[in-house]
$ cat query_13.txt   # compact mmCIF, C-alpha atoms and all ligand atoms
# COMPACT_ATOMS: atom_id res chain seq x y z
CA MET A 1 -1.22 -22.89 8.84
CA LYS A 2 -3.91 -22.78 6.16
CA ILE A 3 -4.68 -19.12 5.60
CA GLY A 4 -7.36 -17.52 3.45
CA ILE A 5 -6.47 -14.02 2.20
CA VAL A 6 -9.02 -11.57 0.82
CA CYS A 7 -7.88 -8.33 -0.80
CA TYR A 8 -8.33 -6.00 -3.73
CA PRO A 9 -6.21 -7.53 -6.49
CA THR A 10 -5.11 -4.20 -7.98
CA PHE A 11 -1.94 -2.07 -7.84
CA GLY A 12 -3.31 -0.41 -4.66
CA GLY A 13 -1.22 -0.62 -1.51
CA SER A 14 -3.54 -2.92 0.41
CA GLY A 15 -3.58 -5.49 -2.39
CA VAL A 16 0.19 -5.32 -2.75
CA VAL A 17 0.75 -5.84 0.98
CA ALA A 18 -1.76 -8.72 1.12
CA THR A 19 -0.25 -10.46 -1.89
CA GLU A 20 3.36 -10.06 -0.78
CA LEU A 21 2.37 -11.31 2.69
CA GLY A 22 0.72 -14.40 1.20
CA LYS A 23 3.72 -15.11 -1.05
CA ALA A 24 6.14 -14.82 1.87
CA LEU A 25 3.99 -17.04 4.10
CA ALA A 26 3.80 -19.63 1.32
CA ALA A 27 7.58 -19.57 0.97
CA LYS A 28 7.76 -20.48 4.66
CA GLY A 29 5.53 -23.51 4.10
CA HIS A 30 2.09 -22.12 4.97
CA ARG A 31 -0.79 -22.99 2.65
CA ILE A 32 -2.28 -19.81 1.20
CA HIS A 33 -5.63 -19.32 -0.52
CA PHE A 34 -6.17 -15.97 -2.24
CA ILE A 35 -9.85 -15.20 -2.71
CA THR A 36 -10.23 -12.18 -5.01
CA TYR A 37 -12.23 -11.01 -8.03
CA SER A 38 -9.24 -11.21 -10.36
CA GLN A 39 -5.67 -12.42 -10.11
CA PRO A 40 -3.68 -10.12 -7.77
CA VAL A 41 -1.17 -8.12 -9.84
CA ARG A 42 1.71 -9.10 -7.58
CA LEU A 43 0.79 -12.81 -7.76
CA ASP A 44 3.17 -13.25 -10.65
CA SER A 45 4.93 -16.56 -10.01
CA PHE A 46 3.93 -20.15 -9.29
CA SER A 47 4.13 -21.59 -5.78
CA GLU A 48 2.90 -25.04 -4.82
CA ASN A 49 1.60 -23.55 -1.58
CA ILE A 50 -0.59 -20.91 -3.21
CA SER A 51 -4.08 -21.32 -4.65
CA TYR A 52 -6.11 -18.59 -6.22
CA HIS A 53 -9.91 -18.67 -6.09
CA GLU A 54 -11.59 -16.21 -8.41
CA VAL A 55 -14.86 -14.65 -7.29
CA SER A 56 -17.14 -14.20 -10.26
CA VAL A 57 -20.03 -11.82 -9.82
CA SER A 58 -23.29 -12.34 -11.65
CA ASN A 59 -24.15 -9.67 -14.23
CA TYR A 60 -27.85 -10.57 -14.29
CA PRO A 61 -29.58 -7.58 -15.93
CA LEU A 62 -31.73 -6.89 -12.85
CA PHE A 63 -28.63 -5.82 -10.95
CA GLU A 64 -27.67 -2.20 -11.45
CA TYR A 65 -24.94 -2.92 -8.87
CA ALA A 66 -23.44 -6.39 -9.08
CA PRO A 67 -23.70 -8.17 -5.67
CA TYR A 68 -19.93 -8.61 -5.13
CA GLU A 69 -20.36 -9.04 -1.38
CA SER A 70 -22.74 -12.00 -1.74
CA ALA A 71 -20.51 -13.73 -4.29
CA LEU A 72 -17.43 -13.18 -2.13
CA THR A 73 -19.21 -14.45 1.00
CA SER A 74 -20.28 -17.64 -0.78
CA MET A 75 -16.76 -18.19 -2.07
CA LEU A 76 -15.30 -17.68 1.44
CA VAL A 77 -17.71 -20.25 2.85
CA ASP A 78 -16.82 -22.68 0.07
CA VAL A 79 -13.04 -22.29 0.43
CA ALA A 80 -13.15 -22.38 4.24
CA MET A 81 -15.19 -25.59 4.23
CA HIS A 82 -13.34 -27.48 1.55
CA GLU A 83 -9.79 -26.32 2.20
CA GLY A 84 -10.03 -26.48 6.00
CA LEU A 85 -8.76 -22.95 6.65
CA ASP A 86 -7.30 -22.16 10.07
CA VAL A 87 -7.78 -18.42 9.74
CA LEU A 88 -9.26 -15.88 7.35
CA HIS A 89 -7.29 -12.67 6.90
CA VAL A 90 -9.11 -9.84 5.13
CA HIS A 91 -7.40 -6.68 3.92
CA TYR A 92 -9.22 -3.34 3.71
CA ALA A 93 -12.31 -3.15 5.91
CA ILE A 94 -14.80 -2.19 3.20
CA PRO A 95 -16.52 -4.49 2.43
CA HIS A 96 -14.19 -7.32 3.37
CA ALA A 97 -14.62 -7.17 7.16
CA SER A 98 -18.42 -7.38 7.01
CA VAL A 99 -18.27 -10.04 4.28
CA ALA A 100 -15.97 -12.11 6.50
CA TYR A 101 -18.34 -11.67 9.45
CA LEU A 102 -21.25 -13.00 7.39
CA ALA A 103 -19.16 -15.91 6.09
CA LYS A 104 -18.13 -16.73 9.65
CA GLN A 105 -21.78 -16.81 10.77
CA ILE A 106 -22.74 -19.10 7.88
CA LEU A 107 -19.84 -21.40 8.75
CA ILE A 108 -20.84 -21.46 12.44
CA SER A 109 -24.32 -22.57 11.35
CA LYS A 110 -22.58 -25.52 9.69
CA GLY A 111 -20.50 -26.29 12.78
CA ILE A 112 -17.27 -24.81 11.36
CA TYR A 113 -15.35 -22.25 13.42
CA ILE A 114 -12.78 -19.98 11.74
CA PRO A 115 -11.38 -16.78 13.22
CA VAL A 116 -11.30 -13.62 11.12
CA ILE A 117 -8.51 -11.05 11.14
CA THR A 118 -9.09 -7.64 9.58
CA THR A 119 -6.19 -5.44 8.52
CA LEU A 120 -6.98 -1.74 8.25
CA HIS A 121 -4.99 -0.07 5.49
CA GLY A 122 -5.88 3.58 5.29
CA THR A 123 -8.73 5.05 3.32
CA ASP A 124 -11.04 2.34 4.65
CA ILE A 125 -10.73 4.33 7.89
CA THR A 126 -9.51 7.82 7.05
CA LEU A 127 -11.68 8.59 4.02
CA VAL A 128 -14.31 6.11 2.90
CA GLY A 129 -15.04 4.36 6.20
CA ARG A 130 -15.97 7.59 7.96
CA ASP A 131 -18.70 8.31 5.46
CA ASN A 132 -22.17 7.90 7.02
CA SER A 133 -23.07 5.39 4.36
CA TYR A 134 -20.42 2.96 5.62
CA GLU A 135 -19.56 3.88 9.22
CA PRO A 136 -22.06 1.65 11.12
CA VAL A 137 -21.07 -1.40 9.07
CA VAL A 138 -17.35 -0.69 9.41
CA THR A 139 -17.61 -0.20 13.19
CA PHE A 140 -19.65 -3.37 13.66
CA ALA A 141 -17.44 -5.50 11.42
CA ILE A 142 -14.20 -4.34 13.07
CA ASN A 143 -15.63 -5.07 16.52
CA GLN A 144 -16.75 -8.52 15.37
CA SER A 145 -13.32 -9.42 13.98
CA ASP A 146 -11.33 -11.85 16.11
CA GLY A 147 -8.16 -9.89 15.41
CA VAL A 148 -7.56 -6.39 14.06
CA THR A 149 -4.31 -4.97 12.77
CA ALA A 150 -3.40 -1.51 11.47
CA VAL A 151 -0.42 -0.66 9.29
CA SER A 152 0.74 2.27 11.45
CA GLU A 153 0.35 3.79 14.91
CA SER A 154 -1.27 6.77 13.26
CA LEU A 155 -3.96 4.61 11.65
CA LYS A 156 -4.62 2.89 14.96
CA ARG A 157 -5.09 6.31 16.63
CA GLU A 158 -7.40 7.49 13.85
CA THR A 159 -9.49 4.33 14.09
CA TYR A 160 -10.04 4.78 17.81
CA ALA A 161 -10.70 8.49 17.35
CA ASN A 162 -13.31 8.11 14.63
CA PHE A 163 -15.07 4.82 15.35
CA GLU A 164 -16.41 3.26 18.55
CA ILE A 165 -13.97 0.40 18.61
CA THR A 166 -13.91 -1.98 21.54
CA LYS A 167 -11.25 -4.30 20.13
CA HIS A 168 -7.50 -4.17 20.64
CA ILE A 169 -5.74 -3.05 17.46
CA GLU A 170 -2.32 -4.54 16.86
CA VAL A 171 0.04 -2.34 14.86
CA ILE A 172 2.02 -4.34 12.32
CA HIS A 173 3.81 -1.99 9.97
CA ASN A 174 4.02 -2.67 6.26
CA PHE A 175 7.13 -4.43 5.02
CA ILE A 176 9.46 -4.73 2.07
CA ASP A 177 11.26 -7.57 0.33
CA LEU A 178 14.80 -6.18 0.16
CA LYS A 179 15.84 -8.91 -2.26
CA ARG A 180 13.44 -7.55 -4.85
CA PHE A 181 13.54 -3.88 -3.86
CA SER A 182 17.20 -2.95 -3.95
CA LYS A 183 19.25 -0.63 -6.09
CA LYS A 184 19.96 -2.45 -9.37
CA PRO A 185 22.81 -1.59 -11.75
CA LYS A 186 20.73 0.19 -14.37
CA ASP A 187 23.18 2.90 -15.45
CA HIS A 188 22.34 2.40 -19.12
CA PHE A 189 18.72 3.24 -18.30
CA LYS A 190 19.81 6.31 -16.37
CA ARG A 191 21.96 7.49 -19.30
CA ALA A 192 19.01 7.05 -21.66
CA ILE A 193 16.52 8.89 -19.51
CA ALA A 194 18.84 11.57 -18.11
CA PRO A 195 21.60 11.87 -20.74
CA GLY A 196 22.89 15.15 -19.33
CA GLY A 197 23.26 13.74 -15.81
CA GLU A 198 20.05 15.42 -14.69
CA ARG A 199 18.67 14.60 -11.24
CA LEU A 200 15.79 12.15 -11.56
CA LEU A 201 12.68 12.69 -9.45
CA VAL A 202 9.89 10.14 -9.27
CA HIS A 203 6.32 9.73 -8.11
CA THR A 204 4.35 6.48 -8.09
CA SER A 205 0.70 6.18 -7.10
CA ASN A 206 -2.79 5.35 -8.27
CA PHE A 207 -3.27 9.04 -9.20
CA ARG A 208 -6.27 9.44 -6.96
CA LYS A 209 -7.23 12.86 -5.55
CA VAL A 210 -5.77 11.96 -2.15
CA LYS A 211 -2.29 11.70 -3.77
CA ARG A 212 -2.25 15.42 -4.76
CA VAL A 213 -0.36 14.71 -7.98
CA ASN A 214 -0.53 18.38 -9.04
CA ASP A 215 1.62 19.18 -6.00
CA VAL A 216 4.23 16.78 -7.39
CA ILE A 217 4.31 18.80 -10.62
CA GLN A 218 4.43 22.12 -8.75
CA VAL A 219 7.30 20.96 -6.54
CA PHE A 220 9.16 19.69 -9.58
CA ALA A 221 8.59 22.98 -11.44
CA ARG A 222 10.40 24.83 -8.65
CA ILE A 223 13.31 22.38 -8.50
CA HIS A 224 13.60 22.36 -12.27
CA LYS A 225 14.25 26.09 -12.27
CA ARG A 226 17.29 25.62 -10.02
CA ILE A 227 18.72 22.19 -10.93
CA PRO A 228 18.83 20.27 -14.22
CA SER A 229 16.25 17.58 -13.51
CA ARG A 230 13.60 15.28 -14.87
CA LEU A 231 10.46 13.75 -13.38
CA LEU A 232 9.02 10.28 -13.88
CA MET A 233 5.32 9.89 -13.10
CA ILE A 234 4.39 6.21 -12.67
CA GLY A 235 0.87 4.86 -12.34
CA ASP A 236 -2.51 5.86 -13.61
CA GLY A 237 -5.83 7.12 -12.31
CA ASP A 238 -8.40 9.89 -12.37
CA GLU A 239 -5.97 12.74 -11.71
CA ARG A 240 -3.48 11.90 -14.45
CA ALA A 241 -5.13 13.99 -17.20
CA GLY A 242 -5.11 17.09 -14.96
CA ALA A 243 -1.45 16.56 -14.10
CA GLU A 244 -0.53 16.23 -17.78
CA LYS A 245 -2.44 19.45 -18.52
CA LEU A 246 -0.56 21.24 -15.75
CA CYS A 247 2.75 20.09 -17.24
CA ARG A 248 1.74 21.56 -20.59
CA GLU A 249 0.73 24.87 -18.96
CA LEU A 250 4.05 25.05 -17.10
CA GLN A 251 5.94 24.04 -20.26
CA LEU A 252 7.52 21.07 -18.54
CA CYS A 253 6.54 18.41 -21.07
CA ASP A 254 10.11 17.80 -22.26
CA ASP A 255 11.26 16.91 -18.77
CA VAL A 256 8.27 15.08 -17.32
CA ARG A 257 7.50 11.55 -18.49
CA PHE A 258 4.21 9.84 -17.65
CA LEU A 259 5.03 6.11 -17.80
CA GLY A 260 1.65 4.64 -16.77
CA LYS A 261 1.44 1.46 -14.70
CA GLN A 262 4.71 -0.42 -14.44
CA ASP A 263 5.54 -3.88 -13.09
CA ALA A 264 9.33 -3.71 -12.61
CA ILE A 265 9.07 -0.62 -10.46
CA GLU A 266 12.31 -1.43 -8.63
CA GLU A 267 14.29 -1.05 -11.86
CA ILE A 268 12.99 2.46 -12.38
CA LEU A 269 13.46 3.42 -8.73
CA SER A 270 17.06 2.22 -8.99
CA VAL A 271 18.02 5.19 -11.17
CA CYS A 272 16.07 7.84 -9.26
CA ASP A 273 17.34 10.46 -6.82
CA LEU A 274 14.22 11.66 -5.03
CA PHE A 275 10.70 10.37 -4.41
CA ILE A 276 7.85 12.86 -3.95
CA MET A 277 4.74 11.89 -1.98
CA PRO A 278 2.67 14.97 -1.08
CA SER A 279 -0.50 13.02 -0.17
CA GLU A 280 -3.44 14.57 1.66
CA THR A 281 -3.44 11.52 3.92
CA GLU A 282 -1.27 8.40 3.93
CA SER A 283 -1.64 5.71 6.57
CA PHE A 284 1.81 4.29 5.87
CA GLY A 285 3.17 5.13 2.40
CA LEU A 286 4.21 1.77 0.99
CA ALA A 287 5.34 3.37 -2.29
CA ALA A 288 7.77 5.54 -0.33
CA LEU A 289 9.16 2.46 1.44
CA GLU A 290 9.74 0.80 -1.94
CA ALA A 291 11.65 3.89 -3.05
CA MET A 292 13.71 4.03 0.16
CA ALA A 293 14.69 0.38 -0.24
CA CYS A 294 16.13 1.36 -3.63
CA GLN A 295 18.11 4.17 -1.92
CA VAL A 296 15.78 6.97 -2.92
CA PRO A 297 15.17 9.64 -0.25
CA VAL A 298 11.64 11.00 0.19
CA ILE A 299 9.95 14.38 0.27
CA SER A 300 6.52 13.76 1.74
CA SER A 301 3.73 15.39 3.63
CA ASN A 302 3.79 14.99 7.40
CA THR A 303 0.35 13.43 7.44
CA GLY A 304 -0.86 10.10 8.90
CA GLY A 305 1.81 7.45 9.22
CA MET A 306 4.35 9.12 6.94
CA PRO A 307 6.54 10.45 9.78
CA GLU A 308 6.77 6.90 11.17
CA LEU A 309 8.51 5.90 7.95
CA ASN A 310 10.14 9.03 6.51
CA LEU A 311 12.32 10.46 9.27
CA ASP A 312 12.37 14.24 8.91
CA GLY A 313 15.85 15.48 8.05
CA VAL A 314 17.26 11.95 7.93
CA THR A 315 15.67 9.87 5.16
CA GLY A 316 14.21 12.94 3.48
CA PHE A 317 11.87 15.62 4.78
CA THR A 318 8.21 15.96 5.77
CA SER A 319 6.15 19.12 5.17
CA ASN A 320 2.61 20.29 5.81
CA VAL A 321 0.09 19.08 3.25
CA GLY A 322 0.02 21.49 0.30
CA ASP A 323 3.16 23.43 1.30
CA ILE A 324 4.83 23.09 -2.09
CA GLU A 325 7.32 25.88 -1.40
CA ASP A 326 8.64 24.07 1.67
CA MET A 327 8.77 20.75 -0.17
CA ALA A 328 10.66 22.34 -3.08
CA GLU A 329 13.15 24.05 -0.75
CA LYS A 330 13.83 20.82 1.12
CA ALA A 331 14.10 18.86 -2.13
CA TYR A 332 16.70 21.39 -3.30
CA HIS A 333 18.65 20.87 -0.08
CA ILE A 334 18.85 17.11 -0.76
CA LEU A 335 19.65 17.40 -4.45
CA LYS A 336 22.04 20.34 -4.49
CA ASP A 337 25.26 18.32 -4.17
CA ASP A 338 26.28 14.67 -4.46
CA GLN A 339 27.66 14.45 -0.95
CA THR A 340 24.38 15.48 0.71
CA LEU A 341 22.37 13.33 -1.67
CA ASN A 342 24.46 10.26 -0.88
CA VAL A 343 23.98 10.68 2.87
CA PHE A 344 20.19 10.81 2.40
CA LYS A 345 20.32 7.80 0.07
CA GLN A 346 22.19 5.69 2.63
CA ASN A 347 19.86 6.81 5.41
CA ALA A 348 16.83 5.89 3.30
CA LEU A 349 18.15 2.36 2.76
CA LYS A 350 19.01 1.94 6.43
CA ARG A 351 15.52 3.00 7.50
CA ALA A 352 13.91 0.71 4.90
CA SER A 353 15.73 -2.26 6.39
CA ASP A 354 13.77 -1.73 9.65
CA PHE A 355 10.75 -2.89 7.64
CA ASP A 356 12.45 -5.95 6.14
CA ILE A 357 9.89 -8.66 5.50
CA ASN A 358 12.02 -11.04 7.56
CA VAL A 359 11.40 -8.81 10.57
CA ILE A 360 7.69 -8.21 10.00
CA LEU A 361 6.56 -11.66 8.78
CA PRO A 362 7.06 -13.42 12.16
CA ARG A 363 4.87 -10.73 13.71
CA TYR A 364 1.99 -11.80 11.46
CA GLU A 365 2.67 -15.49 12.12
CA ASN A 366 2.69 -14.95 15.89
CA TYR A 367 -0.45 -12.85 15.66
CA TYR A 368 -2.25 -15.55 13.66
CA GLN A 369 -1.26 -18.13 16.28
CA SER A 370 -2.48 -16.03 19.18
CA VAL A 371 -5.81 -15.22 17.49
CA ILE A 372 -6.36 -18.90 16.61
CA GLN A 373 -5.56 -19.96 20.18
CA ASN A 374 -7.84 -17.35 21.79
CA PHE A 375 -10.59 -18.14 19.33
CA THR A 376 -10.48 -21.82 20.20
CA VAL A 377 -10.80 -20.95 23.89
CA ALA A 378 -13.71 -18.58 23.23
CA SER A 379 -15.80 -20.79 20.95
O1 LIG B 1 -5.36 1.53 -2.65
C1 LIG B 1 -5.25 0.65 -1.79
O2 LIG B 1 -5.34 -0.51 -1.99
C2 LIG B 1 -5.03 1.01 -0.43
C3 LIG B 1 -4.52 2.38 -0.31
C4 LIG B 1 -5.65 3.17 0.23
O3 LIG B 1 -6.00 4.12 -0.43
O4 LIG B 1 -6.18 2.84 1.28
O5 LIG B 1 -3.35 2.48 0.37
C5 LIG B 1 -3.34 2.43 1.78
O6 LIG B 1 -2.75 1.22 2.15
C6 LIG B 1 -1.36 1.11 1.90
C7 LIG B 1 -0.90 -0.27 2.31
O7 LIG B 1 -1.13 -0.51 3.66
C8 LIG B 1 -0.62 2.21 2.64
O8 LIG B 1 0.76 2.12 2.41
C9 LIG B 1 -1.13 3.57 2.13
O9 LIG B 1 -0.52 4.60 2.86
C10 LIG B 1 -2.63 3.65 2.30
N1 LIG B 1 -3.13 4.84 1.58
C11 LIG B 1 -3.66 5.86 2.20
O10 LIG B 1 -3.77 5.93 3.40
C12 LIG B 1 -4.13 6.98 1.33
$ encode --input "query_13.txt" --output "structure tokens" --more "lines below"
Ligand code: GMT
Amino acid sequence: MKIGIVCYPTFGGSGVVATELGKALAAKGHRIHFITYSQPVRLDSFSENISYHEVSVSNYPLFEYAPYESALTSMLVDVAMHEGLDVLHVHYAIPHASVAYLAKQILISKGIYIPVITTLHGTDITLVGRDNSYEPVVTFAINQSDGVTAVSESLKRETYANFEITKHIEVIHNFIDLKRFSKKPKDHFKRAIAPGGERLLVHTSNFRKVKRVNDVIQVFARIHKRIPSRLLMIGDGDERAGAEKLCRELQLCDDVRFLGKQDAIEEILSVCDLFIMPSETESFGLAALEAMACQVPVISSNTGGMPELNLDGVTGFTSNVGDIEDMAEKAYHILKDDQTLNVFKQNALKRASDFDINVILPRYENYYQSVIQNFTVAS
């Protein structure tokens, strides 16, 4: 198949999923066209089956807000026409679903028919999409998509609950490449970062408000009092400065390291003992899956799709949002002795393998085929 993929090219979960999906499809012989405003961060190696089309947005001085949507629409029309796409797959509804709808209409006016699939990722539904300033467009664009997928059952439920959706939503969970995300022999790194054999806790995110990074620090502060431990904070975003300030106030600076954005995340996860994800809402929790694949159990909130991934009492624990005492107590239970920790580590890996890309990829391929077939019949 010739597949166009639209996504945010950043470290965000939706962009990571879209890019990894495209790379895996290309490896199976599909022809993939990424259409994004800069090179996706995970598009880090050459493949003869992958092309990247950069959307450049005019900065004409009249525009206080650069018309990204118009530039993206024009690029979609151009790529679809000249590359002969079979299907257009857009990730994150805002604004990609409505942009794809407009591109599809322009293409129809030229006698070209291409089905559009929209994948809902999380905040496009749970946070931003519900805002009055976006809701009518999001609802319309989802209903106009030829196929709609959501990354968890929870997100599917939330979409039906909060929008008037007439379309079937197919749940296709996020996935992991277990060849890349596996525990690597990085003992020298562990000795350098935890020379006294301290337990290593880790958090990775885009440090947005929804991630509740201060809760990570508060949970760590409680564990730190009971167990020799260190915390690695990976990523960057608006909430980082506040989290660093909190560390200074709690006098934790010696044992908390803020590493910023990192590429070889699997190498860091390989030496860690516990992942903390106390998010306000999380449609799936891809970062937690990456940790689990590297044998790191998870303490998370019980919100959104997290319980579908992090099995309470098995791969880690889930707690109510903001219940830092409960999270700290459960983290202590996991970390208190090697035997318990090892059981959780093995369980985390086993659960991660349920989301192996080799299991999930055929689901996308089959879904593409069925949408293309139904679209042909309908048009
Ligand atoms: O930042 C992004 O690109 C997407 C981000 C978000 O805020 O919507 O992540 C969402 O999509 C990921 C990939 O499907 C999920 O694993 C995350 O759980 C989800 N984030 C939230 O729901 C907060």
$ residues_around --input "query_13.txt" --residues "range 20-24 of chain A" --least-positions-apart "3" --cutoff "8 Å" --atoms "all atoms listed in the file" --output "ChimeraX atom specification"
/A:5,16-17,27-28,32,34,42-43,50,361
$ atom_distance --input "query_13.txt" --atom1 "CA of Thr126 in chain A" --atom2 "CA of Val55 in chain A"
27.2 Å
$ closest_residue --input "query_13.txt" --among "A:Glu249, A:Glu64, A:Glu83, A:Glu158" --to "Thr281 in chain A" --atoms "all atoms listed in the file"
A:Glu158
$ closest_residue --input "query_13.txt" --among "A:Lys345, A:Arg212, A:His53, A:Lys167" --to "ligand LIG 1 (chain B)" --atoms "all atoms listed in the file"
A:Arg212
$ closest_residue --input "query_13.txt" --among "A:Val87, A:Val202, A:Ile172, A:Val79" --to "ligand LIG 1 (chain B)" --atoms "all atoms listed in the file"
A:Ile172
$ closest_residue --input "query_13.txt" --among "A:Ala103, A:Leu232, A:Met306, A:Ala97" --to "ligand LIG 1 (chain B)" --atoms "all atoms listed in the file"
A:Met306
$ residues_around --input "query_13.txt" --residues "Gly322 in chain A" --least-positions-apart "6" --cutoff "9 Å" --atoms "all atoms listed in the file" --output "PyMOL selection string"
chain A and resi 212+215+278-280+301
$ residues_around --input "query_13.txt" --residues "Asp238 in chain A" --least-positions-apart "6" --cutoff "12 Å" --atoms "all atoms listed in the file" --output "list in words"
Ser205, Asn206, Phe207, Arg208, Lys209, Val210, Lys211, Arg212, Val213 and Glu244 of chain A
$ atom_distance --input "query_13.txt" --atom1 "atom O8 of ligand LIG 1 (chain B)" --atom2 "CA of Gly237 in chain A"
16.9 Å
$ residues_near_ligand --input "query_13.txt" --ligand "ligand LIG 1 (chain B)" --cutoff "6 Å" --atoms "all atoms listed in the file" --output "PyMOL selection string"
chain A and resi 12-15+17+121-124+151+281-286
$ residues_around --input "query_13.txt" --residues "Asp86 in chain A" --least-positions-apart "2" --cutoff "7 Å" --atoms "only C-alpha atoms" --output "PyMOL selection string"
chain A and resi 1-3+84+114
$ atom_distance --input "query_13.txt" --atom1 "CA of Asn374 in chain A" --atom2 "CA of Ala71 in chain A"
29.2 Å
$ closest_residue --input "query_13.txt" --among "A:Glu365, A:Asp356, A:Asp312, A:Asp273" --to "Lys183 in chain A" --atoms "only C-alpha atoms"
A:Asp273
$ residues_near_point --input "query_13.txt" --point "(4.6, 29.3, -15.0)" --cutoff "12 Å" --atoms "all atoms listed in the file" --output "PyMOL selection string"
chain A and resi 217-218+220-222+224-225+246-252
$ residues_near_point --input "query_13.txt" --point "(-9.5, -5.0, 9.5)" --cutoff "8 Å" --atoms "all atoms listed in the file" --output "PyMOL selection string"
chain A and resi 90-93+97+117-121+142+145+147-150
$ closest_residue --input "query_13.txt" --among "A:Ala161, A:Val128, A:Val271, A:Met75" --to "Lys186 in chain A" --atoms "all atoms listed in the file"
A:Val271
$ residues_around --input "query_13.txt" --residues "Glu153 in chain A" --least-positions-apart "4" --cutoff "9 Å" --atoms "only C-alpha atoms" --output "MDAnalysis selection string"
chainID A and resid 157:158 170:173 283 304:305 308
$ closest_atom_pairs --input "query_13.txt" --of "range 216-281 of chain A" --to "range 187-194 of chain A" --cutoff "12 Å" --atoms "all atoms listed in the file" --output "CSV"
residue,atom,partner,partner_atom,distance
A:Pro228,CA,A:Ala194,CA,9.5
A:Ser229,CA,A:Ala194,CA,8.0
A:Arg230,CA,A:Ala194,CA,7.2
A:Leu231,CA,A:Ala194,CA,9.9
A:Leu232,CA,A:Ile193,CA,9.5
A:Asp254,CA,A:Ile193,CA,11.3
A:Asp255,CA,A:Ala194,CA,9.3
A:Val256,CA,A:Ile193,CA,10.5
A:Arg257,CA,A:Ile193,CA,9.5
A:Leu259,CA,A:Ile193,CA,11.9
A:Glu267,CA,A:Phe189,CA,8.9
A:Ile268,CA,A:Phe189,CA,8.3
A:Leu269,CA,A:Lys190,CA,10.3
A:Ser270,CA,A:Lys190,CA,8.9
A:Val271,CA,A:Lys190,CA,5.6
A:Cys272,CA,A:Lys190,CA,8.2
A:Asp273,CA,A:Lys190,CA,10.7
$ axis_aligned_box --input "query_13.txt" --around "range 234-243 of chain A" --padding-each-side "3 Å" --output "JSON"
{"center_x": -2.0, "center_y": 11.0, "center_z": -14.5, "size_x": 18.8, "size_y": 18.2, "size_z": 11.5}
